[in-house]
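Worksheet for the structure shown next.
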Amino acid sequence: MKLIIFLSVTIVLIQSAFAQTEDYNEKNRIQLYSDPISVEAFDKELLKDAILFELNNEIILIDKDSYEVISTLSSAAQDFAKYMSENDITKPEQATGNISLTNRLVKYNGANNQAFEFTAKATIQKGKDTITYIQIAKEVVFNWFNSKIADDIKSLKYRFIGIGIETSIDNKKCFIDAIIGNYSTLNNGTHRIATFPFKINITNMKLIAYDEKICKKCDKYPNIQDLQANLKVDENNDIWFETDQWKTVGKLFKLPTDALGVDIVLWEQYPCIGENVVDNNIFSKGITTKPVYQKKFIKLNQFQGNEAKSKFKIKLGIIPENVKNYELNLIIIQDKHFCKNIRSAYLKTGEVDTKSKCSIIGDTLSFFNKFTYQPKPDTAHFSFKIPFELGKSNYNQDDLKPFIEALNEPAFNPINIKISAYSSIEGEEETNEKLRNNRAESIISSLSTLNQSDSIATEVLTADTWELFLEDIKGTEFEKFSTLDKEAIRKEINKPANIKKLEPIFEKHRYAEVEMLAVYDLSDPKNEEIFVLKKFQEALDTGNLSKSLSIQKFMIANVRQNKYSMSCIEKMQIPRDSAKFAGMQMNKLWLEYTHTKTKIDSAFWKEVKRLDTLDIDNDYIKYNKIYADISLSEFTTEQEIDKIQLEIDKLLTKTLNKQLLDALNLELQLKALRSINQELKTNDNTKFIQSKLAKIKEIVNFNNKDSKEALNLAYLFINMGDYNYALDLLTPIMRSRNLSEELIFTYLSLCSYSEYMHQTEFYNEILEKAIKINKIEVCNLFKEGKLSYQLFENPKVKKLYCTECETQ
């Protein structure tokens, strides 16, 4: 409990350094910013707040913590604002001697460590024109954000600010100075160094402060933080720097004034109770070893001869006897300038999911889409002939079924039926007439059952077949009957010898002709499916491409909804060798694979290449061909990849959805990177990998809210050594809710590679989330040295650790 109370008091004391006495963002305060400036009653504090208000409005837009005012920076800024006013100067580099930034910060218990100063001059009186505080603030902030200092203002490196304002002697202008810094700019613990039980470094060893030009090799060196892991301590407590990558590392040390050193940072310097025992005016933090300069590298290297070309091992110092709990920072010196003090970092990696996020696509949106199809039952005329069996008069549905099916029509309901029934002439006329009527009525009754309503109109005609008989006996032995009258003919044909011979002729004369007007029955999905297929084929056969494509899309939608069967797609008869039908063939092929969840294969690849050749201007076919090329090719040359890239780039100028093409483009880059370890031969693997990673950066949308996919891509860049991009990729996602433990701890590990992320309020929020989800893991990361306790320069990080971990 005492620890928690003390930490709370410490935080309050630190916050008391914040100089704002009024809330610059409070509604009433904001209204005052529009007040006209009175030269006689010029309000410096109001203008400071107006500038801070405008500045933070811009900062919020780039997703950075708002600047907070602290008194150390404010006092130092006010001193230079006054100096500028007295001497009519506006450049920070004109601050020399006692008025230098370093001296001013030290004067107010601060440190010129990671502080940045910039200025402005503004007119507060223009004749009789009225000028408001917010007008000046907007102009000043606009100029800052449109100058070379904008990147510094936007940098995560800085989170605190101090603003100073002083009017000119004639009260017509005002001079504005701003200083931004971070926790390293504060220096509250220097008074504890004198009584600290360990002798930490209190001088800069005649070294010169960081200079961007001098240290540019360090700043450009990829993942320079990894070099700290080359520090080793042996059983004698000797500290060694060892690497088998000296050909690369050695490029940092070309001048005799380049050097390596070690900063031994003690656990006791960051106690839970009290301020940190660190002087931020000193480049190093703890016990600093004497630098080893480049001119001694060859002599001190433990590897000699050919081994020394790639291997390097030198002793940099020794751990003092009484030191037990410590971290080792690697110091890199360039031409006597203190360029880097690299603390330990750790990296959480994971397997990259190589499963394709793409799939083949169908043409559901493109050309010929003005015609929107919906099936509507229409009417049709049917006619067919029913032969009668000898003496049979009753016909049921089973008897009629073969004749209905022979029509090869979708299901229908008769609404008008006309039957002409005929009988052969043998037998008695009265009997035949009765037989004809019975047959006709029986057929009508059976056909009527096809329609559930009673609204069928019917018409029955019956007749004998004398004319047919006389025609059919011509050229036969019975042609002689044609000279006889009907009664005589009937007597002759009914003779047993003749009737048997004439049966083949009589058989053809027993039939009914059915003419029917019917409406198609769409009440059942299966009936509708057959009807729609018929309409598709009719539209296609008559050359109505717009209608046929629209019907095809309708059928596809219903198959995907499991309303129609896949067979209706398979039954589509689409001409193969015409470009105008290629899109419909692609749709059919697409559905055959997607609906059955079949992976694309060589058969698909062959067919889609054929379609692409057939219709080179169809973007959907081109997309699917490219996807198959990527999925099924085994890349062996860069030229193969470049050819596909050109095809994708061309598609990006067309009408297909960019998000769809971005996914395809990403798939190509990932496949290319995977191919490096397989059959692909490149001119330069490093340049090839860098080019593909650069391409991925162009493709990836930072606003993507898919945390799983973002983490997968982050792992890709982590594995490829681009930690900064992996961090940038995940940062927008980290503001989402319900983040996974894996994502949170991966992000924390990436932050350990950043010099400044731990300075931000955002980092505090992520650390709090990590503690809530797995406090033990967070505590172990600090205790095992994966997360450096040097992060405790942020008092909120220190409080989180001390309250959550030291009380376990």
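FYI, nothing fancy with the structure tokens labels: chains A, B, ... in order, residues from 1 per chain, ligands from 1 as they appear.
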Give me every alpha helix (DSSP H) residue in region 56-192 of chain A, going by DSSP on the backbone, as an MDAnalysis selection string. chainID A and resid 56:61 71:87 101:107 133:145 150:154
Might you pull out every residue within 8 Å of region 175-185 of chain A, with only C-alpha atoms counted and same-chain residues fewer than 4 positions away left off, and present them as a PyMOL selection string? chain A and resi 73-74+76-78+80-82+84-85+90+110-122+153+157-168+280+759+793-794
Store the residues of this selection in a file with N, CA and C atoms, as a tab-separated table (two decimals), in the first residue's frame.
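Saved the output as part_19.tsv:
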```tsv
chain	number	residue	atom	x	y	z
A	73	LEU	N	9.78	23.30	-20.17
A	73	LEU	CA	9.86	23.75	-21.55
A	73	LEU	C	9.26	25.14	-21.71
A	74	SER	N	8.20	25.43	-20.98
A	74	SER	CA	7.55	26.75	-21.09
A	74	SER	C	8.48	27.86	-20.63
A	76	ALA	N	11.79	27.79	-20.47
A	76	ALA	CA	12.91	27.90	-21.41
A	76	ALA	C	12.47	28.60	-22.69
A	77	ALA	N	11.25	28.33	-23.13
A	77	ALA	CA	10.74	28.96	-24.34
A	77	ALA	C	10.48	30.44	-24.12
A	78	GLN	N	9.98	30.79	-22.95
A	78	GLN	CA	9.69	32.20	-22.67
A	78	GLN	C	10.98	33.02	-22.63
A	80	PHE	N	13.68	32.54	-24.41
A	80	PHE	CA	14.17	32.82	-25.76
A	80	PHE	C	13.21	33.74	-26.50
A	81	ALA	N	11.92	33.67	-26.22
A	81	ALA	CA	10.97	34.60	-26.83
A	81	ALA	C	11.33	36.03	-26.45
A	82	LYS	N	11.67	36.21	-25.19
A	82	LYS	CA	12.08	37.54	-24.73
A	82	LYS	C	13.38	37.98	-25.40
A	84	MET	N	14.50	36.98	-28.32
A	84	MET	CA	14.22	37.29	-29.72
A	84	MET	C	13.63	38.69	-29.84
A	85	SER	N	12.74	39.04	-28.92
A	85	SER	CA	12.10	40.36	-28.95
A	85	SER	C	13.12	41.46	-28.75
A	90	THR	N	14.94	35.55	-35.03
A	90	THR	CA	13.87	34.52	-35.05
A	90	THR	C	14.40	33.10	-35.25
A	110	GLY	N	15.86	20.84	-16.50
A	110	GLY	CA	15.60	19.96	-17.63
A	110	GLY	C	16.89	19.50	-18.27
A	111	ALA	N	16.77	18.88	-19.44
A	111	ALA	CA	17.95	18.37	-20.14
A	111	ALA	C	17.75	18.55	-21.64
A	112	ASN	N	18.85	18.92	-22.30
A	112	ASN	CA	18.78	19.07	-23.75
A	112	ASN	C	19.02	17.71	-24.40
A	113	ASN	N	18.20	16.78	-24.01
A	113	ASN	CA	18.29	15.42	-24.55
A	113	ASN	C	16.97	15.15	-25.25
A	114	GLN	N	17.02	15.14	-26.58
A	114	GLN	CA	15.82	14.90	-27.38
A	114	GLN	C	14.81	16.03	-27.23
A	115	ALA	N	15.32	17.27	-27.26
A	115	ALA	CA	14.46	18.45	-27.30
A	115	ALA	C	14.64	19.13	-28.66
A	116	PHE	N	13.58	19.78	-29.12
A	116	PHE	CA	13.63	20.43	-30.43
A	116	PHE	C	12.93	21.78	-30.33
A	117	GLU	N	13.57	22.81	-30.89
A	117	GLU	CA	13.06	24.17	-30.76
A	117	GLU	C	12.75	24.76	-32.13
A	118	PHE	N	11.64	25.52	-32.21
A	118	PHE	CA	11.29	26.20	-33.44
A	118	PHE	C	10.55	27.49	-33.09
A	119	THR	N	10.53	28.43	-34.02
A	119	THR	CA	10.06	29.78	-33.70
A	119	THR	C	9.11	30.31	-34.77
A	120	ALA	N	8.57	31.49	-34.46
A	120	ALA	CA	7.72	32.20	-35.42
A	120	ALA	C	7.66	33.67	-35.01
A	121	LYS	N	7.32	34.50	-35.96
A	121	LYS	CA	7.07	35.92	-35.68
A	121	LYS	C	5.76	36.29	-36.36
A	122	ALA	N	4.90	36.99	-35.63
A	122	ALA	CA	3.58	37.31	-36.17
A	122	ALA	C	3.23	38.77	-35.92
A	153	ILE	N	7.66	18.00	-35.68
A	153	ILE	CA	6.46	18.27	-34.88
A	153	ILE	C	5.55	17.05	-34.84
A	157	LYS	N	8.45	10.97	-31.29
A	157	LYS	CA	9.56	11.22	-30.36
A	157	LYS	C	9.17	12.27	-29.32
A	158	TYR	N	8.27	13.18	-29.69
A	158	TYR	CA	7.95	14.30	-28.80
A	158	TYR	C	6.50	14.22	-28.33
A	159	ARG	N	6.29	14.55	-27.05
A	159	ARG	CA	4.92	14.57	-26.53
A	159	ARG	C	4.66	15.76	-25.61
A	160	PHE	N	5.72	16.48	-25.22
A	160	PHE	CA	5.55	17.66	-24.35
A	160	PHE	C	5.94	18.91	-25.11
A	161	ILE	N	5.40	20.04	-24.66
A	161	ILE	CA	5.68	21.31	-25.34
A	161	ILE	C	5.71	22.44	-24.32
A	162	GLY	N	6.47	23.45	-24.69
A	162	GLY	CA	6.46	24.72	-23.96
A	162	GLY	C	6.41	25.84	-24.98
A	163	ILE	N	5.58	26.82	-24.76
A	163	ILE	CA	5.44	27.94	-25.71
A	163	ILE	C	5.73	29.24	-24.97
A	164	GLY	N	6.58	30.05	-25.58
A	164	GLY	CA	6.89	31.37	-25.03
A	164	GLY	C	6.50	32.45	-26.02
A	165	ILE	N	5.98	33.57	-25.54
A	165	ILE	CA	5.57	34.68	-26.42
A	165	ILE	C	5.99	36.00	-25.79
A	166	GLU	N	6.56	36.87	-26.63
A	166	GLU	CA	6.93	38.22	-26.18
A	166	GLU	C	6.66	39.19	-27.32
A	167	THR	N	6.15	40.35	-26.98
A	167	THR	CA	5.86	41.36	-28.01
A	167	THR	C	7.11	42.17	-28.33
A	168	SER	N	7.09	42.75	-29.52
A	168	SER	CA	8.21	43.62	-29.92
A	168	SER	C	8.13	44.94	-29.16
A	280	ASN	N	19.88	13.14	-17.59
A	280	ASN	CA	19.58	13.15	-19.01
A	280	ASN	C	20.41	14.15	-19.81
A	759	GLN	N	7.28	6.42	-25.03
A	759	GLN	CA	7.06	7.77	-24.53
A	759	GLN	C	5.59	8.18	-24.65
A	793	GLU	N	11.49	5.39	-17.68
A	793	GLU	CA	11.59	6.84	-17.77
A	793	GLU	C	10.21	7.43	-18.02
A	794	ASN	N	9.30	6.62	-18.56
A	794	ASN	CA	7.89	7.00	-18.62
A	794	ASN	C	7.29	6.63	-17.26
```
Leu55 (chain A) surroundings by only C-alpha atoms, 9 Å radius, close-in-sequence under 6 positions cut, as a ChimeraX atom specification: /A:66-67,137-138,141-142,145
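CA of Lys580 (chain A) to CA of Cys568 (chain A) spans 21.1 Å [interatomic distance, one decimal].
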Excluding Tyr623 (chain A) and any residue of its chain fewer than 6 positions from it, enumerate the residues within 12 Å of it, using only C-alpha atoms, and give them as a count of residues only. 36
What residues in region 189-417 of chain A get the DSSP label strand (DSSP E or B)? Please answer as number ranges by chain. A: 208, 231-233, 238-243, 259-266, 287-288, 292-293, 312-318, 326-334, 337-342, 379-387, 412-417
Correct to one decimal, the distance CA of Ala694 (chain A)-CA of Val249 (chain A) is 23.7 Å
Selection near region 126-129 of chain A, 12 Å with only C-alpha atoms, sequence-local residues under 3 positions removed, as a count of residues only: 10
One decimal, in Å: what's the spacing between CA of Glu529 (chain A) and CA of Glu515 (chain A)? 25.4 Å
Pick from A:Gly785, A:Pro410, A:Pro496, A:Gly261 nearest to Trp240 (chain A), counting only C-alpha atoms: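 Smallest distance to Trp240 (chain A) is found for A:Gly261.
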